[in-house]
file coords_20.cif (mmCIF, C-alpha atoms; chains and numbers go by the auth columns)
data_structure
loop_
_atom_site.group_PDB
_atom_site.id
_atom_site.type_symbol
_atom_site.label_atom_id
_atom_site.label_comp_id
_atom_site.label_asym_id
_atom_site.label_seq_id
_atom_site.Cartn_x
_atom_site.Cartn_y
_atom_site.Cartn_z
_atom_site.B_iso_or_equiv
_atom_site.auth_seq_id
_atom_site.auth_asym_id
ATOM 1 C CA ASN A 1 -5.366 4.252 7.466 0.00 24 T
ATOM 2 C CA ALA A 2 -3.778 6.890 5.274 0.00 25 T
ATOM 3 C CA GLY A 3 -3.832 4.486 2.317 0.00 26 T
ATOM 4 C CA VAL A 4 -1.205 5.249 -0.329 0.00 27 T
ATOM 5 C CA THR A 5 0.735 8.474 0.098 0.00 28 T
ATOM 6 C CA GLN A 6 3.067 10.129 -2.382 0.00 29 T
ATOM 7 C CA THR A 7 5.491 13.006 -2.067 0.00 30 T
ATOM 8 C CA PRO A 8 6.078 15.490 -3.490 0.00 31 T
ATOM 9 C CA LYS A 9 2.837 16.531 -5.167 0.00 32 T
ATOM 10 C CA PHE A 10 4.623 18.727 -7.713 0.00 33 T
ATOM 11 C CA GLN A 11 8.238 18.867 -8.843 0.00 34 T
ATOM 12 C CA VAL A 12 10.197 20.759 -11.479 0.00 35 T
ATOM 13 C CA LEU A 13 13.613 19.432 -12.490 0.00 36 T
ATOM 14 C CA LYS A 14 16.276 20.461 -14.936 0.00 37 T
ATOM 15 C CA THR A 15 17.528 17.985 -17.508 0.00 38 T
ATOM 16 C CA GLY A 16 20.161 15.746 -15.967 0.00 39 T
ATOM 17 C CA GLN A 17 19.076 16.183 -12.361 0.00 40 T
ATOM 18 C CA SER A 18 18.179 13.172 -10.261 0.00 41 T
ATOM 19 C CA MET A 19 15.442 12.792 -7.695 0.00 42 T
ATOM 20 C CA THR A 20 13.386 10.262 -5.774 0.00 43 T
ATOM 21 C CA LEU A 21 9.612 10.108 -5.738 0.00 44 T
ATOM 22 C CA GLN A 22 8.400 8.706 -2.448 0.00 45 T
ATOM 23 C CA CYS A 23 5.549 6.243 -2.014 0.00 46 T
ATOM 24 C CA ALA A 24 4.283 4.626 1.161 0.00 47 T
ATOM 25 C CA GLN A 25 1.298 2.495 2.102 0.00 48 T
ATOM 26 C CA ASP A 26 -0.001 1.472 5.502 0.00 49 T
ATOM 27 C CA MET A 27 -2.274 -1.377 4.450 0.00 50 T
ATOM 28 C CA ASN A 28 0.380 -4.105 4.643 0.00 51 T
ATOM 29 C CA HIS A 29 -0.022 -4.772 0.929 0.00 52 T
ATOM 30 C CA GLU A 30 2.521 -6.992 -0.745 0.00 53 T
ATOM 31 C CA TYR A 31 2.179 -5.728 -4.289 0.00 54 T
ATOM 32 C CA MET A 32 3.180 -2.173 -5.204 0.00 55 T
ATOM 33 C CA SER A 33 3.650 -0.521 -8.535 0.00 56 T
ATOM 34 C CA TRP A 34 4.583 2.721 -10.261 0.00 57 T
ATOM 35 C CA TYR A 35 2.765 4.064 -13.310 0.00 58 T
ATOM 36 C CA ARG A 36 3.170 7.109 -15.447 0.00 59 T
ATOM 37 C CA GLN A 37 0.179 8.800 -17.016 0.00 60 T
ATOM 38 C CA ASP A 38 0.477 10.716 -20.264 0.00 61 T
ATOM 39 C CA PRO A 39 -2.392 12.218 -22.280 0.00 62 T
ATOM 40 C CA GLY A 40 -4.060 9.680 -24.566 0.00 63 T
ATOM 41 C CA MET A 41 -1.815 6.859 -23.363 0.00 64 T
ATOM 42 C CA GLY A 42 -3.495 5.778 -20.183 0.00 65 T
ATOM 43 C CA LEU A 43 -1.351 4.361 -17.411 0.00 66 T
ATOM 44 C CA ARG A 44 1.878 2.628 -18.274 0.00 67 T
ATOM 45 C CA LEU A 45 3.608 0.400 -15.761 0.00 68 T
ATOM 46 C CA ILE A 46 7.170 1.443 -14.931 0.00 69 T
ATOM 47 C CA HIS A 47 8.225 -1.001 -12.191 0.00 70 T
ATOM 48 C CA TYR A 48 6.465 -3.221 -9.724 0.00 71 T
ATOM 49 C CA SER A 49 7.219 -5.237 -6.618 0.00 72 T
ATOM 50 C CA VAL A 50 5.571 -8.368 -5.278 0.00 73 T
ATOM 51 C CA GLY A 51 7.121 -8.025 -1.836 0.00 74 T
ATOM 52 C CA ALA A 52 10.029 -6.631 0.131 0.00 75 T
ATOM 53 C CA GLY A 53 13.306 -7.281 -1.659 0.00 76 T
ATOM 54 C CA ILE A 54 11.638 -8.197 -4.971 0.00 77 T
ATOM 55 C CA THR A 55 11.214 -5.794 -7.887 0.00 78 T
ATOM 56 C CA ASP A 56 10.648 -6.213 -11.595 0.00 79 T
ATOM 57 C CA GLN A 57 10.367 -4.110 -14.711 0.00 80 T
ATOM 58 C CA GLY A 58 7.118 -3.055 -16.272 0.00 81 T
ATOM 59 C CA GLU A 59 6.381 -1.696 -19.700 0.00 82 T
ATOM 60 C CA VAL A 60 8.521 1.479 -19.580 0.00 83 T
ATOM 61 C CA PRO A 61 11.371 0.997 -17.063 0.00 84 T
ATOM 62 C CA ASN A 62 14.204 2.862 -18.813 0.00 85 T
ATOM 63 C CA GLY A 63 15.532 5.817 -16.848 0.00 86 T
ATOM 64 C CA TYR A 64 13.980 4.690 -13.572 0.00 87 T
ATOM 65 C CA ASN A 65 15.165 2.606 -10.620 0.00 88 T
ATOM 66 C CA VAL A 66 13.220 1.175 -7.713 0.00 89 T
ATOM 67 C CA SER A 67 13.949 -0.658 -4.498 0.00 90 T
ATOM 68 C CA ARG A 68 11.739 -2.287 -1.863 0.00 91 T
ATOM 69 C CA SER A 69 13.540 -2.593 1.422 0.00 92 T
ATOM 70 C CA THR A 70 10.316 -2.604 3.469 0.00 93 T
ATOM 71 C CA THR A 71 6.728 -3.635 2.805 0.00 94 T
ATOM 72 C CA GLU A 72 5.567 -0.055 3.326 0.00 95 T
ATOM 73 C CA ASP A 73 7.875 1.936 1.050 0.00 96 T
ATOM 74 C CA PHE A 74 8.512 1.826 -2.687 0.00 97 T
ATOM 75 C CA PRO A 75 10.551 4.828 -3.901 0.00 98 T
ATOM 76 C CA LEU A 76 11.051 5.595 -7.591 0.00 99 T
ATOM 77 C CA ARG A 77 14.369 7.128 -8.597 0.00 100 T
ATOM 78 C CA LEU A 78 14.975 9.162 -11.722 0.00 101 T
ATOM 79 C CA LEU A 79 18.665 8.800 -12.432 0.00 102 T
ATOM 80 C CA SER A 80 19.161 11.627 -14.943 0.00 103 T
ATOM 81 C CA ALA A 81 15.932 13.423 -15.729 0.00 104 T
ATOM 82 C CA ALA A 82 14.939 13.999 -19.345 0.00 105 T
ATOM 83 C CA PRO A 83 12.079 16.099 -20.804 0.00 106 T
ATOM 84 C CA SER A 84 10.458 12.819 -21.957 0.00 107 T
ATOM 85 C CA GLN A 85 9.944 11.985 -18.292 0.00 108 T
ATOM 86 C CA THR A 86 7.578 14.914 -17.839 0.00 109 T
ATOM 87 C CA SER A 87 4.439 13.151 -16.683 0.00 110 T
ATOM 88 C CA VAL A 88 2.145 12.410 -13.772 0.00 111 T
ATOM 89 C CA TYR A 89 3.403 9.521 -11.674 0.00 112 T
ATOM 90 C CA PHE A 90 1.122 7.271 -9.663 0.00 113 T
ATOM 91 C CA CYS A 91 2.029 4.730 -7.051 0.00 114 T
ATOM 92 C CA ALA A 92 -0.409 1.931 -6.293 0.00 115 T
ATOM 93 C CA SER A 93 -0.655 -0.988 -3.921 0.00 116 T
ATOM 94 C CA THR A 94 -2.711 -4.161 -4.033 0.00 117 T
ATOM 95 C CA GLY A 95 -3.544 -6.528 -1.266 0.00 118 T
ATOM 96 C CA ARG A 96 -4.215 -10.210 -1.538 0.00 119 T
ATOM 97 C CA GLY A 97 -7.873 -10.896 -1.914 0.00 120 T
ATOM 98 C CA SER A 98 -10.449 -12.190 -4.317 0.00 121 T
ATOM 99 C CA TYR A 99 -10.544 -9.245 -6.665 0.00 122 T
ATOM 100 C CA ASN A 100 -7.253 -7.504 -5.906 0.00 123 T
ATOM 101 C CA GLU A 101 -8.405 -3.893 -5.731 0.00 124 T
ATOM 102 C CA GLN A 102 -5.538 -1.606 -6.589 0.00 125 T
ATOM 103 C CA PHE A 103 -5.325 1.526 -4.419 0.00 126 T
ATOM 104 C CA PHE A 104 -3.754 4.605 -5.946 0.00 127 T
ATOM 105 C CA GLY A 105 -1.883 7.495 -4.430 0.00 128 T
ATOM 106 C CA PRO A 106 -2.782 11.088 -5.369 0.00 129 T
ATOM 107 C CA GLY A 107 0.050 11.367 -7.898 0.00 130 T
ATOM 108 C CA THR A 108 3.195 13.442 -8.432 0.00 131 T
ATOM 109 C CA ARG A 109 3.189 15.920 -11.314 0.00 132 T
ATOM 110 C CA LEU A 110 6.755 16.132 -12.642 0.00 133 T
ATOM 111 C CA THR A 111 8.037 18.641 -15.173 0.00 134 T
ATOM 112 C CA VAL A 112 11.531 18.294 -16.627 0.00 135 T
ATOM 113 C CA LEU A 113 12.859 21.409 -18.329 0.00 136 T
ATOM 114 C CA GLY B 1 0.837 -9.114 -25.866 0.00 7 S
ATOM 115 C CA GLU B 2 -1.891 -7.951 -23.570 0.00 8 S
ATOM 116 C CA ASP B 3 -3.700 -4.844 -24.720 0.00 9 S
ATOM 117 C CA VAL B 4 -6.742 -2.858 -23.643 0.00 10 S
ATOM 118 C CA GLU B 5 -8.413 -0.338 -25.953 0.00 11 S
ATOM 119 C CA GLN B 6 -10.963 2.386 -25.253 0.00 12 S
ATOM 120 C CA SER B 7 -12.358 5.308 -27.158 0.00 13 S
ATOM 121 C CA LEU B 8 -10.936 8.576 -25.860 0.00 14 S
ATOM 122 C CA PHE B 9 -13.956 10.801 -25.466 0.00 15 S
ATOM 123 C CA LEU B 10 -17.694 10.679 -24.798 0.00 16 S
ATOM 124 C CA SER B 11 -20.091 13.582 -24.359 0.00 17 S
ATOM 125 C CA VAL B 12 -23.627 13.199 -22.991 0.00 18 S
ATOM 126 C CA ARG B 13 -26.364 15.406 -21.591 0.00 19 S
ATOM 127 C CA GLU B 14 -27.231 15.321 -17.918 0.00 20 S
ATOM 128 C CA GLY B 15 -29.923 12.701 -17.260 0.00 21 S
ATOM 129 C CA ASP B 16 -28.994 10.574 -20.272 0.00 22 S
ATOM 130 C CA SER B 17 -27.299 7.195 -20.038 0.00 23 S
ATOM 131 C CA SER B 18 -23.590 6.926 -20.801 0.00 24 S
ATOM 132 C CA VAL B 19 -22.006 3.822 -22.265 0.00 25 S
ATOM 133 C CA ILE B 20 -18.237 3.478 -22.219 0.00 26 S
ATOM 134 C CA ASN B 21 -16.753 0.608 -24.178 0.00 27 S
ATOM 135 C CA CYS B 22 -13.540 -1.358 -23.858 0.00 28 S
ATOM 136 C CA THR B 23 -11.921 -4.238 -25.687 0.00 29 S
ATOM 137 C CA TYR B 24 -9.128 -6.448 -24.402 0.00 30 S
ATOM 138 C CA THR B 25 -6.953 -9.163 -25.836 0.00 31 S
ATOM 139 C CA ASP B 26 -6.083 -11.512 -22.969 0.00 32 S
ATOM 140 C CA SER B 27 -8.625 -14.307 -23.110 0.00 33 S
ATOM 141 C CA SER B 28 -7.395 -15.625 -19.769 0.00 34 S
ATOM 142 C CA SER B 29 -8.310 -12.437 -17.909 0.00 35 S
ATOM 143 C CA THR B 30 -9.811 -13.278 -14.550 0.00 36 S
ATOM 144 C CA TYR B 31 -11.025 -9.885 -13.399 0.00 37 S
ATOM 145 C CA LEU B 32 -11.901 -6.745 -15.329 0.00 38 S
ATOM 146 C CA TYR B 33 -12.175 -3.389 -13.673 0.00 39 S
ATOM 147 C CA TRP B 34 -13.519 0.101 -14.157 0.00 40 S
ATOM 148 C CA TYR B 35 -11.634 2.916 -12.466 0.00 41 S
ATOM 149 C CA LYS B 36 -12.643 6.579 -12.259 0.00 42 S
ATOM 150 C CA GLN B 37 -10.211 9.473 -12.178 0.00 43 S
ATOM 151 C CA GLU B 38 -11.441 12.914 -11.204 0.00 44 S
ATOM 152 C CA PRO B 39 -9.353 15.976 -12.155 0.00 45 S
ATOM 153 C CA GLY B 40 -6.107 16.215 -10.222 0.00 46 S
ATOM 154 C CA ALA B 41 -6.696 12.952 -8.366 0.00 47 S
ATOM 155 C CA GLY B 42 -5.599 9.349 -8.472 0.00 48 S
ATOM 156 C CA LEU B 43 -7.712 6.490 -9.727 0.00 49 S
ATOM 157 C CA GLN B 44 -10.480 4.951 -7.658 0.00 50 S
ATOM 158 C CA LEU B 45 -12.080 1.591 -8.251 0.00 51 S
ATOM 159 C CA LEU B 46 -15.672 1.981 -9.439 0.00 52 S
ATOM 160 C CA THR B 47 -16.600 -1.626 -10.000 0.00 53 S
ATOM 161 C CA TYR B 48 -15.228 -4.925 -11.226 0.00 54 S
ATOM 162 C CA ILE B 49 -16.513 -8.103 -12.798 0.00 55 S
ATOM 163 C CA PHE B 50 -15.261 -11.654 -12.612 0.00 56 S
ATOM 164 C CA SER B 51 -14.719 -13.306 -15.952 0.00 57 S
ATOM 165 C CA ASN B 52 -17.391 -15.967 -15.447 0.00 58 S
ATOM 166 C CA MET B 53 -20.092 -13.295 -15.165 0.00 59 S
ATOM 167 C CA ASP B 54 -22.006 -11.630 -18.000 0.00 60 S
ATOM 168 C CA MET B 55 -23.396 -8.691 -16.115 0.00 61 S
ATOM 169 C CA LYS B 56 -23.036 -6.874 -12.850 0.00 62 S
ATOM 170 C CA GLN B 57 -25.263 -4.094 -11.583 0.00 63 S
ATOM 171 C CA ASP B 58 -24.419 -1.671 -8.807 0.00 64 S
ATOM 172 C CA GLN B 59 -26.899 1.182 -8.337 0.00 65 S
ATOM 173 C CA ARG B 60 -26.544 3.395 -11.442 0.00 66 S
ATOM 174 C CA LEU B 61 -23.720 1.313 -12.868 0.00 67 S
ATOM 175 C CA THR B 62 -24.147 -1.706 -15.134 0.00 68 S
ATOM 176 C CA VAL B 63 -21.173 -3.672 -16.385 0.00 69 S
ATOM 177 C CA LEU B 64 -21.614 -6.004 -19.347 0.00 70 S
ATOM 178 C CA LEU B 65 -18.994 -8.559 -20.325 0.00 71 S
ATOM 179 C CA ASN B 66 -18.947 -10.359 -23.651 0.00 72 S
ATOM 180 C CA LYS B 67 -16.140 -12.832 -23.179 0.00 73 S
ATOM 181 C CA LYS B 68 -16.426 -14.249 -26.687 0.00 74 S
ATOM 182 C CA ASP B 69 -15.790 -10.830 -28.253 0.00 75 S
ATOM 183 C CA LYS B 70 -13.515 -9.700 -25.385 0.00 76 S
ATOM 184 C CA HIS B 71 -15.704 -6.631 -24.940 0.00 77 S
ATOM 185 C CA LEU B 72 -16.510 -4.840 -21.711 0.00 78 S
ATOM 186 C CA SER B 73 -18.874 -1.930 -21.244 0.00 79 S
ATOM 187 C CA LEU B 74 -19.850 0.387 -18.431 0.00 80 S
ATOM 188 C CA ARG B 75 -23.287 1.949 -18.478 0.00 81 S
ATOM 189 C CA ILE B 76 -24.026 4.876 -16.184 0.00 82 S
ATOM 190 C CA ALA B 77 -27.742 5.551 -15.838 0.00 83 S
ATOM 191 C CA ASP B 78 -29.063 9.079 -15.246 0.00 84 S
ATOM 192 C CA THR B 79 -25.625 10.606 -15.781 0.00 85 S
ATOM 193 C CA GLN B 80 -24.884 13.593 -13.564 0.00 86 S
ATOM 194 C CA THR B 81 -22.360 16.416 -13.936 0.00 87 S
ATOM 195 C CA GLY B 82 -20.448 14.846 -11.041 0.00 88 S
ATOM 196 C CA ASP B 83 -19.837 11.829 -13.259 0.00 89 S
ATOM 197 C CA SER B 84 -17.563 13.929 -15.481 0.00 90 S
ATOM 198 C CA ALA B 85 -14.173 12.226 -15.201 0.00 91 S
ATOM 199 C CA ILE B 86 -11.806 9.886 -16.982 0.00 92 S
ATOM 200 C CA TYR B 87 -12.857 6.237 -16.891 0.00 93 S
ATOM 201 C CA PHE B 88 -10.273 3.504 -17.227 0.00 94 S
ATOM 202 C CA CYS B 89 -10.881 -0.086 -18.134 0.00 95 S
ATOM 203 C CA ALA B 90 -8.303 -2.561 -16.782 0.00 96 S
ATOM 204 C CA GLU B 91 -7.744 -6.272 -16.862 0.00 97 S
ATOM 205 C CA ARG B 92 -5.897 -8.680 -14.658 0.00 98 S
ATOM 206 C CA GLY B 93 -4.397 -11.492 -16.643 0.00 99 S
ATOM 207 C CA GLY B 94 -5.165 -15.067 -15.790 0.00 100 S
ATOM 208 C CA SER B 95 -1.533 -15.882 -15.257 0.00 101 S
ATOM 209 C CA SER B 96 -0.968 -12.918 -12.980 0.00 102 S
ATOM 210 C CA ASN B 97 -0.887 -13.589 -9.289 0.00 103 S
ATOM 211 C CA THR B 98 0.898 -10.332 -8.662 0.00 104 S
ATOM 212 C CA GLY B 99 -1.941 -7.853 -8.912 0.00 105 S
ATOM 213 C CA LYS B 100 -0.482 -6.512 -12.151 0.00 106 S
ATOM 214 C CA LEU B 101 -3.140 -4.727 -14.195 0.00 107 S
ATOM 215 C CA ILE B 102 -3.176 -3.601 -17.814 0.00 108 S
ATOM 216 C CA PHE B 103 -5.015 -0.304 -18.324 0.00 109 S
ATOM 217 C CA GLY B 104 -6.706 1.189 -21.344 0.00 110 S
ATOM 218 C CA GLN B 105 -6.049 4.753 -22.472 0.00 111 S
ATOM 219 C CA GLY B 106 -9.004 6.112 -20.548 0.00 112 S
ATOM 220 C CA THR B 107 -12.288 7.607 -21.788 0.00 113 S
ATOM 221 C CA THR B 108 -13.005 11.209 -20.870 0.00 114 S
ATOM 222 C CA LEU B 109 -16.693 11.573 -20.078 0.00 115 S
ATOM 223 C CA GLN B 110 -18.083 15.064 -20.452 0.00 116 S
ATOM 224 C CA VAL B 111 -21.555 15.644 -19.013 0.00 117 S
ATOM 225 C CA LYS B 112 -23.329 18.755 -20.261 0.00 118 S
ATOM 226 C CA PRO B 113 -26.007 20.359 -18.088 0.00 119 S
#

call {"tool": "encode", "arguments": {"input": "coords_20.cif", "output": "structure tokens"}}
result
Amino acid sequence: NAGVTQTPKFQVLKTGQSMTLQCAQDMNHEYMSWYRQDPGMGLRLIHYSVGAGITDQGEVPNGYNVSRSTTEDFPLRLLSAAPSQTSVYFCASTGRGSYNEQFFGPGTRLTVL
Amino acid sequence: GEDVEQSLFLSVREGDSSVINCTYTDSSSTYLYWYKQEPGAGLQLLTYIFSNMDMKQDQRLTVLLNKKDKHLSLRIADTQTGDSAIYFCAERGGSSNTGKLIFGQGTTLQVKP
């Protein structure tokens, strides 16, 4: 199993550009989520999905869209990038089980100029 | 709302014990977790504790849970330089069947040789 994979690893955008951060998992997990990590603020939930076709907003959803057409993939779209979206983005997936371990991808470091 | 708080920084000498503290607000939390993040990497689950337990020990790691005070701690015995990382406390709310976790800000542990 590859676990949770994310692409790209690094990205630089100009203000106003759009892009999609890719996330995939091969563990057949139902629950997937996107976080952003900023210094001193921990991880903040952007969007999450409890299964294919179902998504919901987290704590900081503005400026981001998600979709979940398959169990494996959960892309995050930045519609019009802003410098405030400069951050490290992590995708995670969680399987059903007694303690619901959340598996994280390696992250995408995004800079918006 | 749900909230998890941690101190931001801890410095110890190699061989000493480290204690990282966390407080949370959701009294219905079912599971509480400790994640470790090494530089440039995603988060990895270190250990977890179910809310009906007071203590859990796993090799050098000891987790203590004071449910009355909503306080969680992680003790690392014989701290090594390889333990230098950011440690995140997280909780899974009692009403959450979605795997959604709330993370603290993270505590940076610096281990001096």

call {"tool": "residues_around", "arguments": {"input": "coords_20.cif", "residues": "Lys37 in chain T", "least_positions_apart": "3", "cutoff": "7 Å", "atoms": "only C-alpha atoms", "output": "number ranges by chain"}}
result
T: 40, 135-136

call {"tool": "interface_residues", "arguments": {"input": "coords_20.cif", "of": "chain S", "to": "chain T", "cutoff": "7 Å", "atoms": "all atoms listed in the file", "output": "PyMOL selection string"}}
result
chain S and resi 37+47-50+104-105+109-112

call {"tool": "resolve_selection", "arguments": {"input": "coords_20.cif", "expression": "the PyMOL selection byres ((chain S and resi 15) around 12)", "output": "ChimeraX atom specification"}}
result
/T:63 /S:12-14,16-18,24-27,90-94,111-117

call {"tool": "atom_distance", "arguments": {"input": "coords_20.cif", "atom1": "CA of Ala104 in chain T", "atom2": "CA of Leu44 in chain T"}}
result
12.3 Å

call {"tool": "atom_distance", "arguments": {"input": "coords_20.cif", "atom1": "CA of Tyr39 in chain S", "atom2": "CA of Gln86 in chain S"}}
result
21.2 Å

call {"tool": "residues_around", "arguments": {"input": "coords_20.cif", "residues": "Arg66 in chain S", "least_positions_apart": "3", "cutoff": "12 Å", "atoms": "only C-alpha atoms", "output": "ChimeraX atom specification"}}
result
/S:21-25,52-53,62-63,69,80-86,89

call {"tool": "write_last_selection", "arguments": {"input": "coords_20.cif", "atoms": "C-alpha atoms", "output": "short mmCIF file (atom, residue, chain, number, x, y, z; two decimals), keeping the file's coordinate frame"}}
result
data_model
loop_
_atom_site.label_atom_id
_atom_site.label_comp_id
_atom_site.auth_asym_id
_atom_site.auth_seq_id
_atom_site.Cartn_x
_atom_site.Cartn_y
_atom_site.Cartn_z
CA GLY S 21 -29.92 12.70 -17.26
CA ASP S 22 -28.99 10.57 -20.27
CA SER S 23 -27.30 7.20 -20.04
CA SER S 24 -23.59 6.93 -20.80
CA VAL S 25 -22.01 3.82 -22.26
CA LEU S 52 -15.67 1.98 -9.44
CA THR S 53 -16.60 -1.63 -10.00
CA LYS S 62 -23.04 -6.87 -12.85
CA GLN S 63 -25.26 -4.09 -11.58
CA VAL S 69 -21.17 -3.67 -16.39
CA LEU S 80 -19.85 0.39 -18.43
CA ARG S 81 -23.29 1.95 -18.48
CA ILE S 82 -24.03 4.88 -16.18
CA ALA S 83 -27.74 5.55 -15.84
CA ASP S 84 -29.06 9.08 -15.25
CA THR S 85 -25.62 10.61 -15.78
CA GLN S 86 -24.88 13.59 -13.56
CA ASP S 89 -19.84 11.83 -13.26
#

call {"tool": "atom_distance", "arguments": {"input": "coords_20.cif", "atom1": "CA of Pro98 in chain T", "atom2": "CA of Gln45 in chain T"}}
result
4.7 Å

call {"tool": "axis_aligned_box", "arguments": {"input": "coords_20.cif", "around": "range 15-33 of chain S", "padding_each_side": "8 Å", "output": "lines of an AutoDock Vina configuration file"}}
result
center_x = -18.0
center_y = 0.5
center_z = -21.5
size_x = 39.8
size_y = 45.7
size_z = 24.6

call {"tool": "resolve_selection", "arguments": {"input": "coords_20.cif", "expression": "the PyMOL selection byres ((chain T and resi 87) around 7)", "output": "list in words"}}
result
Pro84, Asn85, Gly86, Asn88, Val89, Leu99, Arg100, Leu101 and Leu102 of chain T
